[in-house]
Amino acid sequence: MAKLTPLEDGQLESLVSEAIKDAVDFIDSEIVPERVLSQQYYDGKTRLGVEEGRSKVVATKCRDAVRAIKPSLLRVFLGQAPPVEFTPNMAEDVPVAEQMTKYVHYKLNKLNYFKLLSNAFQDSLVKRLGILKVYYEDFSKTETHTYSGLSDIEFNYLVADENVTVLNHNQTVSMEMDQATQQEIEKSVHDAKIQRITPAGDCRIDSVPPEEWFCDRNAKDVETAYIVGHRVNKTVGELVEQGFNFDDIHHLDSISDDSLNDAELFARTGFTEDKNDSQNNIDITSKRIGITECYMKVDVDGTGVPVLHQFIMGGSNYKLLNYMPCDQQPFAVFECDPEPHTVFGQSVVAMLFDDQDASTSCLRGVLDNIALCNSPRLSVVDSQVNLDDVLNNEIGAVIRTRQPNTIQPLTIPFTAGNTLGAMQYLDQTIDQKVGVSASSVGLNPDVLQSTTKTAVDHHIATAQGQVETIARNLAEGGMTQLFRKMMNLIIKHRKGDEVMRMNNNYIPVDPKSWNAHLDLQVSVGLGTGKVEEKQMTLQQILQIQQTIYQGYGSGNGLVNLSMIRNCLQDILAGSGIRNADRYFSPMNPEIEQQMMAMAQQQAQNQPQPIDPATAVMQTEQIRANAKMQSDMTKYGLEREKMMLADDLKRDELDQNLLLKAGELLSKHGYQVDINEIKRMQAQERNNGQVARN
């Protein structure tokens with residue numbers, strides 16, 4: 001009964017080396033011959049033989065198709081919007097997902113995004129697969145500094161850093177008078193040269209040549225393959241610098257002795273690697289060593305569950321140098337025309353082998369026919385003609401003959417015109433296969449003349465279907481793998497914050513706080529690739545944004561200044577203007593909040609505008625108050641006048657009372673009680689007033 005036991009290094013070396021040899025044999029025997037042929041056809045070669053003295057021209061249909069497809073693909077993937085973006089799982093993940101997407105694009109731009117994609121697309125169109133290797137590289141930054149006149153405290157503080165190595169140090173001791181104690185003290189001055197080695201690291205992406213990459217013959221996709229790997233030659237010095245032991249590697253050989261490997265390298269570059277190792281006798285560190293980095297799921301610990309491991313093998317016999325468990329294999333595979341249930345799909349060049357041969361045959365026939373019609377063969381009588389004159393092809397040259405009619409031209413019918421129809425048919429067949437033609441880019445006058453814009457747009461969109469499908473395959477495959485692998489590496493290895501430009505502002509980014517399990521969404525803009533249509537759509541969006549913002553204000557909840565600014569930036573980018581800061585100031589939610597707070601503060605300090613209806617009411621109120629005041633004043637004057645008249649009347653009554661009393665007393669001797677009469681007059685009247693005394 002089989003038992004689970006940990007594998008020893010010898011068992012691992014045997015297991016991995018056998019898997020590598022089988023995978024390499026599969027690649028060399030089944031894949032490399034077609035890739036070599038594809039490269040030759042792309043370079044303008046053909047399998048057709050050449051007859052001596054006839055045309056050798058080749059119709060470069062394969063190269064023309066690739067060169068026509070690549071610009072459309074690069075335009076899709078290097079346009080305004082990211083072709084792949086992280087999708088949030090919940091509402092609170094929206095800002096993080098946006099930041100992750102922009103950060104990956106920021107890193108890709110630093111790593112020469114255009115060059116990487118151009119290489120991957122080129123290899124996928126010509127060699128079936130384009131391979132990008134994503135990995136995290138630890139490295140060190142070395143800086144050398146020279147200091148002079150340092151005190152003891154400054155010098156000790158400088159060398160206390162564990163990353164600092166003192167290369168040269170000179171200490172000068174002198175005696176100086178201490179002003180406080182008036183005693184001589186010893187003072188040291190240091191001159192030093194130091195080297196500071198700061199450990200660092202960053203994400204790296206390499207474009208892998210097709211002949212250096214391999215996988216097993218039963219692999220259905222890269223993620224589930226039994227083994228995938230990368231073979232490359234490096235010098236002993238490079239390997240020692242990467243941490244390998246010199247004694248373990250200096251005796252190993254290279255892996256470029258394989259003729260098939262050399263054949264593919266020669267087909268691509270036109271030359272092979274230099275195998276002359278005579279310089280190794282002088283400097284062993286320049287010797288080239290074969291290093292194979294492969295990834296397999298192996299049950300190393302005997303747990304019953306195979307775990308993905310990275311194996312480093314050396315030499316052509318694949319000696320085990322190192323191994324370790326890992327989270328993912330580093331290869332992102334780009335396929336323009338994937339084949340179900342296998343890693344290797346179809347290349348565009350391979351689809352056009354026979355078409356290039358047929359077009360070449362027709363083109364050669366046309367050129368040969370034109371050449372024979374322009375320079376027909378002659379029938380001569382040998383004894384009557386000077387043969388040297390006949391063989392002289394100089395224009396206007398004289399042919400000497402002994403009698404007339406001894407030279408007769410052989411009549412060659414001009415059949416090239418009939419062949420042009422066949423060539424046109426072949427071109428149409430190729431256009432249908434690759435989806436690129438004169439009509440698809442709007443250059444065919446037969447399509448454009450007397451045709452409506454809608455019909456032309458429909459024709460172009462239909463012709464671009466193949467290219468759009470290729471773009472979708474590349475996005476769903478290699479681009480998605482590239483984004484996912486980059487994000488996993490950044491989250492795992494990133495140390496500390498990094499400043500990144502996002503939304504035209506420099507902000508700190510901390511990948512450690514991100515969620516590595518966010519979904520990825522592909523958006524390559526199929527069917528909307530025309531710049532003019534995008535610009536028109538953006539203009540309409542801008543008008544709608546302005547209408548909403550002007551109608552409902554800054555607190556409308558649907559459009560803010562940041563969104564309007566982003567729309568303006570996209571419009572400029574679509575016109576080829578990338579630096580939007582020259583025309584519009586940067587804007588983000590934080591800046592917008594500050595602007596709103598400042599506007600509110602200014603509004604509080606300024607008098608509020610008066611509503612017209614309120615102003616009318618206030619005016620009427622003022623008029624009413626003025627009339628009331630006037631009436632009150634008038635009433636006061638009238639009352640004062642009445643009171644004066646009343647006082648005058650009372651004074652008259654008092655006088656009359658005294659006169660009547662005196663008269664009664666003198667005539668009749670009757671005494672009148674004047675005080676009682678005044679008391680009665682002083683009683684409260686009906687109007688609430690009190691009579692005066």
# chains A, B, ... in the order shown; residues from 1 in each chain; ligands from 1

$ select_by_dssp --residues "stretch 185-223 of chain A" --states "strand (DSSP E)" --output "list in words"
Ile185, Glu186, Lys187, Ser188, Val189, His190, Asp191, Ala192, Lys193, Ile194, Gln195, Arg196, Ile197, Thr198, Pro199, Ala200, Gly201, Asp202, Cys203, Arg204, Ile205, Asp206, Ser207, Val208, Trp213, Phe214 and Cys215 of chain A

$ select_by_dssp --residues "stretch 317-459 of chain A" --states "helix (DSSP H, G or I)" --output "number ranges by chain"
A: 348-351, 353-374, 382-384, 387-391, 416-434, 445-448, 453-459

$ write_last_selection --atoms "C-alpha atoms" --output "CSV table (one decimal), in the first residue's frame"
chain,number,residue,atom,x,y,z
A,348,VAL,CA,-2.7,35.1,-37.9
A,349,VAL,CA,0.5,34.3,-39.9
A,350,ALA,CA,-0.2,30.6,-39.9
A,351,MET,CA,-3.6,31.1,-41.3
A,353,PHE,CA,0.6,30.5,-45.4
A,354,ASP,CA,-1.3,29.2,-48.5
A,355,ASP,CA,-2.6,32.7,-49.3
A,356,GLN,CA,0.8,34.2,-49.4
A,357,ASP,CA,2.1,31.3,-51.6
A,358,ALA,CA,-0.9,31.8,-54.0
A,359,SER,CA,-0.5,35.6,-54.1
A,360,THR,CA,3.2,35.2,-54.6
A,361,SER,CA,2.7,32.8,-57.5
A,362,CYS,CA,0.2,35.2,-59.2
A,363,LEU,CA,2.4,38.2,-58.7
A,364,ARG,CA,5.5,36.5,-60.1
A,365,GLY,CA,3.5,35.4,-63.1
A,366,VAL,CA,2.3,39.0,-63.7
A,367,LEU,CA,5.8,40.4,-63.4
A,368,ASP,CA,7.3,37.7,-65.6
A,369,ASN,CA,4.7,38.3,-68.3
A,370,ILE,CA,5.3,42.0,-68.2
A,371,ALA,CA,9.0,41.5,-68.5
A,372,LEU,CA,8.7,39.2,-71.5
A,373,CYS,CA,6.3,41.6,-73.2
A,374,ASN,CA,8.7,44.5,-72.7
A,382,ASP,CA,23.1,32.0,-86.1
A,383,SER,CA,25.3,32.4,-89.2
A,384,GLN,CA,23.7,35.6,-90.4
A,387,LEU,CA,25.4,37.0,-81.4
A,388,ASP,CA,27.3,39.4,-79.2
A,389,ASP,CA,25.0,42.2,-80.5
A,390,VAL,CA,21.9,40.1,-79.8
A,391,LEU,CA,22.9,39.4,-76.2
A,416,ALA,CA,-1.3,39.8,-66.9
A,417,GLY,CA,-4.5,41.7,-67.2
A,418,ASN,CA,-6.5,38.4,-66.8
A,419,THR,CA,-4.4,37.5,-63.7
A,420,LEU,CA,-5.3,40.7,-61.9
A,421,GLY,CA,-8.8,39.5,-61.2
A,422,ALA,CA,-7.4,36.4,-59.5
A,423,MET,CA,-5.1,38.5,-57.4
A,424,GLN,CA,-8.0,40.7,-56.3
A,425,TYR,CA,-10.0,37.6,-55.3
A,426,LEU,CA,-7.0,36.4,-53.2
A,427,ASP,CA,-6.8,39.8,-51.5
A,428,GLN,CA,-10.5,39.7,-50.6
A,429,THR,CA,-10.1,36.2,-49.2
A,430,ILE,CA,-7.2,37.4,-46.9
A,431,ASP,CA,-9.3,40.5,-45.9
A,432,GLN,CA,-12.1,38.2,-44.7
A,433,LYS,CA,-9.7,36.1,-42.7
A,434,VAL,CA,-8.0,38.9,-40.8
A,445,PRO,CA,-13.7,54.6,-53.0
A,446,ASP,CA,-16.2,52.0,-54.3
A,447,VAL,CA,-17.7,51.7,-50.8
A,448,LEU,CA,-17.6,55.4,-50.1
A,453,LYS,CA,-22.9,57.5,-43.7
A,454,THR,CA,-24.9,54.9,-41.9
A,455,ALA,CA,-24.2,52.3,-44.6
A,456,VAL,CA,-20.5,53.1,-44.6
A,457,ASP,CA,-20.3,52.9,-40.8
A,458,HIS,CA,-22.1,49.6,-40.8
A,459,HIS,CA,-19.7,48.2,-43.5

$ closest_atom_pairs --of "stretch 554-612 of chain A" --to "stretch 62-81 of chain A" --cutoff "10 Å" --atoms "only C-alpha atoms" --output "tab-separated table"
residue	atom	partner	partner_atom	distance
A:Gln569	CA	A:Gln80	CA	9.8
A:Asp570	CA	A:Gln80	CA	6.9
A:Ile571	CA	A:Gln80	CA	9.5
A:Ala573	CA	A:Gln80	CA	6.8
A:Gly574	CA	A:Gln80	CA	7.1
A:Arg578	CA	A:Gln80	CA	9.7

$ write_last_selection --atoms "C-alpha atoms" --output "JSON list (two decimals), in the first residue's frame"
[["chain", "number", "residue", "atom", "x", "y", "z"],
["A", 569, "GLN", "CA", -9.85, 65.80, -19.49],
["A", 570, "ASP", "CA", -11.18, 62.86, -21.55],
["A", 571, "ILE", "CA", -12.17, 65.25, -24.33],
["A", 573, "ALA", "CA", -7.11, 63.19, -24.28],
["A", 574, "GLY", "CA", -9.24, 62.10, -27.24],
["A", 578, "ARG", "CA", -2.62, 64.64, -22.40]]

$ residues_around --residues "stretch 549-562 of chain A" --least-positions-apart "5" --cutoff "8 Å" --atoms "only C-alpha atoms" --output "PyMOL selection string"
chain A and resi 587-589+592

$ atom_distance --atom1 "atom CA of A:Asn89" --atom2 "atom CA of A:Trp514"
12.7 Å

$ closest_residue --among "A:Tyr42, A:Val333, A:Lys107, A:Tyr318" --to "A:Gly10" --atoms "only C-alpha atoms"
A:Tyr318

$ residues_around --residues "A:Leu320" --least-positions-apart "2" --cutoff "12 Å" --atoms "only C-alpha atoms" --output "PDB file with N, CA and C atoms, in the first residue's frame"
ATOM      1  N   GLU A   8      12.659  13.699  -1.056  1.00  0.00           N
ATOM      2  CA  GLU A   8      14.026  14.164  -0.870  1.00  0.00           C
ATOM      3  C   GLU A   8      14.466  14.977  -2.082  1.00  0.00           C
ATOM      4  N   ASP A   9      15.603  15.667  -1.933  1.00  0.00           N
ATOM      5  CA  ASP A   9      16.075  16.530  -3.018  1.00  0.00           C
ATOM      6  C   ASP A   9      16.372  15.735  -4.279  1.00  0.00           C
ATOM      7  N   GLY A  10      16.908  14.539  -4.130  1.00  0.00           N
ATOM      8  CA  GLY A  10      17.197  13.722  -5.305  1.00  0.00           C
ATOM      9  C   GLY A  10      15.937  13.320  -6.036  1.00  0.00           C
ATOM     10  N   GLN A  11      14.897  12.970  -5.287  1.00  0.00           N
ATOM     11  CA  GLN A  11      13.626  12.614  -5.909  1.00  0.00           C
ATOM     12  C   GLN A  11      12.994  13.819  -6.610  1.00  0.00           C
ATOM     13  N   LEU A  12      13.079  14.962  -5.959  1.00  0.00           N
ATOM     14  CA  LEU A  12      12.543  16.175  -6.576  1.00  0.00           C
ATOM     15  C   LEU A  12      13.283  16.508  -7.862  1.00  0.00           C
ATOM     16  N   GLU A  13      14.608  16.402  -7.837  1.00  0.00           N
ATOM     17  CA  GLU A  13      15.394  16.715  -9.034  1.00  0.00           C
ATOM     18  C   GLU A  13      15.031  15.793 -10.176  1.00  0.00           C
ATOM     19  N   SER A  14      14.859  14.505  -9.890  1.00  0.00           N
ATOM     20  CA  SER A  14      14.493  13.553 -10.936  1.00  0.00           C
ATOM     21  C   SER A  14      13.101  13.843 -11.474  1.00  0.00           C
ATOM     22  N   LEU A  15      12.150  14.125 -10.567  1.00  0.00           N
ATOM     23  CA  LEU A  15      10.773  14.393 -10.985  1.00  0.00           C
ATOM     24  C   LEU A  15      10.689  15.638 -11.853  1.00  0.00           C
ATOM     25  N   VAL A  16      11.305  16.711 -11.416  1.00  0.00           N
ATOM     26  CA  VAL A  16      11.192  17.978 -12.133  1.00  0.00           C
ATOM     27  C   VAL A  16      11.970  17.929 -13.448  1.00  0.00           C
ATOM     28  N   SER A  17      13.161  17.348 -13.432  1.00  0.00           N
ATOM     29  CA  SER A  17      13.964  17.302 -14.659  1.00  0.00           C
ATOM     30  C   SER A  17      13.278  16.487 -15.743  1.00  0.00           C
ATOM     31  N   GLU A  18      12.618  15.379 -15.374  1.00  0.00           N
ATOM     32  CA  GLU A  18      11.905  14.580 -16.368  1.00  0.00           C
ATOM     33  C   GLU A  18      10.729  15.364 -16.944  1.00  0.00           C
ATOM     34  N   ILE A  20      10.542  18.612 -17.202  1.00  0.00           N
ATOM     35  CA  ILE A  20      11.089  19.653 -18.075  1.00  0.00           C
ATOM     36  C   ILE A  20      11.479  19.068 -19.422  1.00  0.00           C
ATOM     37  N   ASP A 248      28.395  25.983  -6.718  1.00  0.00           N
ATOM     38  CA  ASP A 248      27.283  25.161  -7.197  1.00  0.00           C
ATOM     39  C   ASP A 248      26.986  25.359  -8.672  1.00  0.00           C
ATOM     40  N   ILE A 249      27.479  26.433  -9.278  1.00  0.00           N
ATOM     41  CA  ILE A 249      27.035  26.755 -10.632  1.00  0.00           C
ATOM     42  C   ILE A 249      28.162  26.881 -11.647  1.00  0.00           C
ATOM     43  N   LEU A 252      28.492  24.218 -14.460  1.00  0.00           N
ATOM     44  CA  LEU A 252      27.335  23.868 -15.279  1.00  0.00           C
ATOM     45  C   LEU A 252      27.484  24.409 -16.692  1.00  0.00           C
ATOM     46  N   ILE A 291      19.860  28.380 -16.936  1.00  0.00           N
ATOM     47  CA  ILE A 291      19.007  28.413 -15.746  1.00  0.00           C
ATOM     48  C   ILE A 291      17.563  28.205 -16.193  1.00  0.00           C
ATOM     49  N   THR A 292      16.911  27.219 -15.597  1.00  0.00           N
ATOM     50  CA  THR A 292      15.513  26.923 -15.889  1.00  0.00           C
ATOM     51  C   THR A 292      14.681  27.208 -14.647  1.00  0.00           C
ATOM     52  N   GLU A 293      13.747  28.113 -14.779  1.00  0.00           N
ATOM     53  CA  GLU A 293      12.819  28.454 -13.694  1.00  0.00           C
ATOM     54  C   GLU A 293      11.457  27.883 -14.062  1.00  0.00           C
ATOM     55  N   CYS A 294      11.000  26.899 -13.309  1.00  0.00           N
ATOM     56  CA  CYS A 294       9.744  26.240 -13.649  1.00  0.00           C
ATOM     57  C   CYS A 294       8.832  26.194 -12.432  1.00  0.00           C
ATOM     58  N   GLN A 310       8.121  26.767  -6.879  1.00  0.00           N
ATOM     59  CA  GLN A 310       9.069  27.280  -7.863  1.00  0.00           C
ATOM     60  C   GLN A 310      10.361  26.487  -7.749  1.00  0.00           C
ATOM     61  N   PHE A 311      10.832  25.950  -8.880  1.00  0.00           N
ATOM     62  CA  PHE A 311      12.069  25.176  -8.920  1.00  0.00           C
ATOM     63  C   PHE A 311      13.077  25.897  -9.800  1.00  0.00           C
ATOM     64  N   ILE A 312      14.289  26.024  -9.316  1.00  0.00           N
ATOM     65  CA  ILE A 312      15.398  26.600 -10.079  1.00  0.00           C
ATOM     66  C   ILE A 312      16.353  25.473 -10.414  1.00  0.00           C
ATOM     67  N   MET A 313      16.501  25.198 -11.719  1.00  0.00           N
ATOM     68  CA  MET A 313      17.350  24.112 -12.203  1.00  0.00           C
ATOM     69  C   MET A 313      18.495  24.702 -13.012  1.00  0.00           C
ATOM     70  N   GLY A 314      19.669  24.067 -12.939  1.00  0.00           N
ATOM     71  CA  GLY A 314      20.845  24.580 -13.632  1.00  0.00           C
ATOM     72  C   GLY A 314      21.401  23.615 -14.649  1.00  0.00           C
ATOM     73  N   GLY A 315      21.899  24.160 -15.782  1.00  0.00           N
ATOM     74  CA  GLY A 315      22.551  23.356 -16.800  1.00  0.00           C
ATOM     75  C   GLY A 315      21.583  22.630 -17.702  1.00  0.00           C
ATOM     76  N   SER A 316      22.152  21.934 -18.693  1.00  0.00           N
ATOM     77  CA  SER A 316      21.321  21.192 -19.642  1.00  0.00           C
ATOM     78  C   SER A 316      20.774  19.904 -19.041  1.00  0.00           C
ATOM     79  N   ASN A 317      21.347  19.423 -17.934  1.00  0.00           N
ATOM     80  CA  ASN A 317      20.841  18.227 -17.241  1.00  0.00           C
ATOM     81  C   ASN A 317      19.897  18.587 -16.096  1.00  0.00           C
ATOM     82  N   TYR A 318      19.651  19.870 -15.895  1.00  0.00           N
ATOM     83  CA  TYR A 318      18.670  20.360 -14.942  1.00  0.00           C
ATOM     84  C   TYR A 318      18.970  19.898 -13.510  1.00  0.00           C
ATOM     85  N   ASN A 322      17.525  25.173  -6.249  1.00  0.00           N
ATOM     86  CA  ASN A 322      16.712  25.736  -5.175  1.00  0.00           C
ATOM     87  C   ASN A 322      15.242  25.493  -5.489  1.00  0.00           C
ATOM     88  N   TYR A 323      14.414  25.466  -4.462  1.00  0.00           N
ATOM     89  CA  TYR A 323      12.971  25.382  -4.645  1.00  0.00           C
ATOM     90  C   TYR A 323      12.284  25.977  -3.429  1.00  0.00           C
ATOM     91  N   MET A 324      11.045  26.460  -3.650  1.00  0.00           N
ATOM     92  CA  MET A 324      10.269  27.070  -2.575  1.00  0.00           C
ATOM     93  C   MET A 324       8.807  27.108  -2.983  1.00  0.00           C
TER      94      MET A 324
END

$ residues_around --residues "stretch 510-513 of chain A" --least-positions-apart "2" --cutoff "12 Å" --atoms "only C-alpha atoms" --output "list in words"
Asp93, Val96, Ala97, Gln99, Met100, Thr101, Tyr103, Val104, Met486, Met487, Asn488, Leu489, Ile490, Ile491, Lys492, His493, Arg494, Lys495, Gly496, Asp497, Glu498, Val499, Met500, Ile507, Pro508, Asn515 and Ala516 of chain A

$ closest_residue --among "A:Ser151, A:Arg565, A:Trp213, A:Ile205" --to "A:Val189" --atoms "only C-alpha atoms"
A:Ser151

$ atom_distance --atom1 "atom CA of A:Lys319" --atom2 "atom CA of A:Ser286"
20.0 Å

$ residues_around --residues "stretch 470-476 of chain A" --least-positions-apart "3" --cutoff "8 Å" --atoms "only C-alpha atoms" --output "PyMOL selection string"
chain A and resi 73+76+83-84+334-338+466-467+479-480+522+524+526

$ write_last_selection --atoms "C-alpha atoms" --output "short mmCIF file (atom, residue, chain, number, x, y, z; two decimals), in the first residue's frame"
data_model
loop_
_atom_site.label_atom_id
_atom_site.label_comp_id
_atom_site.auth_asym_id
_atom_site.auth_seq_id
_atom_site.Cartn_x
_atom_site.Cartn_y
_atom_site.Cartn_z
CA LEU A 73 -5.06 46.63 -31.00
CA VAL A 76 -7.77 49.89 -27.99
CA PRO A 83 -9.09 47.87 -20.93
CA VAL A 84 -9.19 45.98 -17.63
CA PHE A 334 -1.62 36.47 -24.76
CA GLU A 335 -3.50 34.59 -27.53
CA CYS A 336 -5.10 36.32 -30.50
CA ASP A 337 -7.06 33.23 -31.62
CA PRO A 338 -7.23 30.72 -28.74
CA GLN A 466 -12.25 40.05 -36.49
CA VAL A 467 -9.95 42.67 -34.99
CA MET A 479 -4.41 41.42 -19.85
CA THR A 480 -6.59 39.98 -17.07
CA VAL A 522 -12.80 43.64 -19.13
CA VAL A 524 -12.16 46.98 -24.44
CA LEU A 526 -16.00 46.80 -28.76
#

$ residues_around --residues "stretch 159-164 of chain A" --least-positions-apart "4" --cutoff "10 Å" --atoms "only C-alpha atoms" --output "PyMOL selection string"
chain A and resi 142-144+154-155+192+194-199

$ atom_distance --atom1 "atom CA of A:His105" --atom2 "atom CA of A:Lys220"
29.4 Å

$ closest_residue --among "A:Asp647, A:Glu468, A:Glu640, A:Asp138" --to "A:Glu241" --atoms "only C-alpha atoms"
A:Asp138

$ closest_residue --among "A:Gly229, A:Gly49, A:Gly465, A:Gly302" --to "A:Ile131" --atoms "only C-alpha atoms"
A:Gly229

$ decode --residues "stretch 53-78 of chain A" --atoms "N, CA and C atoms" --output "short mmCIF file (atom, residue, chain, number, x, y, z; two decimals), in the first residue's frame"
data_model
loop_
_atom_site.label_atom_id
_atom_site.label_comp_id
_atom_site.auth_asym_id
_atom_site.auth_seq_id
_atom_site.Cartn_x
_atom_site.Cartn_y
_atom_site.Cartn_z
N GLY A 53 16.31 32.96 -63.59
CA GLY A 53 15.95 33.95 -64.59
C GLY A 53 14.53 34.46 -64.47
N ARG A 54 13.75 33.92 -63.53
CA ARG A 54 12.38 34.38 -63.34
C ARG A 54 12.28 35.24 -62.07
N SER A 55 11.12 35.86 -61.87
CA SER A 55 10.93 36.76 -60.75
C SER A 55 11.03 36.02 -59.41
N LYS A 56 11.66 36.65 -58.43
CA LYS A 56 11.80 36.09 -57.09
C LYS A 56 10.99 36.87 -56.05
N VAL A 57 10.14 37.78 -56.48
CA VAL A 57 9.40 38.62 -55.56
C VAL A 57 8.44 37.77 -54.72
N VAL A 58 8.16 38.23 -53.51
CA VAL A 58 7.23 37.55 -52.59
C VAL A 58 6.15 38.55 -52.17
N ALA A 59 4.90 38.14 -52.25
CA ALA A 59 3.79 38.97 -51.77
C ALA A 59 3.73 38.84 -50.25
N THR A 60 4.07 39.88 -49.54
CA THR A 60 4.20 39.83 -48.07
C THR A 60 2.84 40.00 -47.40
N LYS A 61 1.95 39.07 -47.65
CA LYS A 61 0.61 39.15 -47.09
C LYS A 61 0.60 38.94 -45.58
N CYS A 62 1.46 38.06 -45.08
CA CYS A 62 1.51 37.80 -43.64
C CYS A 62 1.97 39.04 -42.88
N ARG A 63 3.04 39.64 -43.33
CA ARG A 63 3.55 40.83 -42.65
C ARG A 63 2.57 41.99 -42.78
N ASP A 64 1.94 42.14 -43.94
CA ASP A 64 0.99 43.23 -44.13
C ASP A 64 -0.21 43.07 -43.19
N ALA A 65 -0.68 41.84 -43.00
CA ALA A 65 -1.82 41.62 -42.12
C ALA A 65 -1.47 41.96 -40.67
N VAL A 66 -0.30 41.52 -40.22
CA VAL A 66 0.11 41.80 -38.84
C VAL A 66 0.29 43.30 -38.62
N ARG A 67 0.91 43.96 -39.58
CA ARG A 67 1.15 45.40 -39.45
C ARG A 67 -0.15 46.20 -39.54
N ALA A 68 -1.17 45.63 -40.16
CA ALA A 68 -2.47 46.31 -40.23
C ALA A 68 -3.28 46.10 -38.95
N ILE A 69 -3.13 44.95 -38.30
CA ILE A 69 -3.91 44.63 -37.10
C ILE A 69 -3.33 45.31 -35.87
N LYS A 70 -2.01 45.36 -35.74
CA LYS A 70 -1.39 45.86 -34.50
C LYS A 70 -1.81 47.28 -34.13
N PRO A 71 -1.86 48.24 -35.06
CA PRO A 71 -2.27 49.59 -34.64
C PRO A 71 -3.66 49.63 -34.01
N SER A 72 -4.59 48.85 -34.56
CA SER A 72 -5.94 48.83 -33.99
C SER A 72 -5.93 48.27 -32.57
N LEU A 73 -5.14 47.22 -32.34
CA LEU A 73 -5.06 46.63 -31.00
C LEU A 73 -4.42 47.60 -30.02
N LEU A 74 -3.33 48.23 -30.42
CA LEU A 74 -2.66 49.16 -29.51
C LEU A 74 -3.54 50.36 -29.22
N ARG A 75 -4.34 50.79 -30.21
CA ARG A 75 -5.24 51.92 -29.98
C ARG A 75 -6.29 51.56 -28.94
N VAL A 76 -6.76 50.33 -28.96
CA VAL A 76 -7.77 49.89 -27.99
C VAL A 76 -7.18 49.83 -26.59
N PHE A 77 -5.99 49.26 -26.46
CA PHE A 77 -5.42 49.02 -25.14
C PHE A 77 -4.66 50.21 -24.58
N LEU A 78 -4.28 51.15 -25.42
CA LEU A 78 -3.55 52.32 -24.94
C LEU A 78 -4.38 53.59 -25.06
#
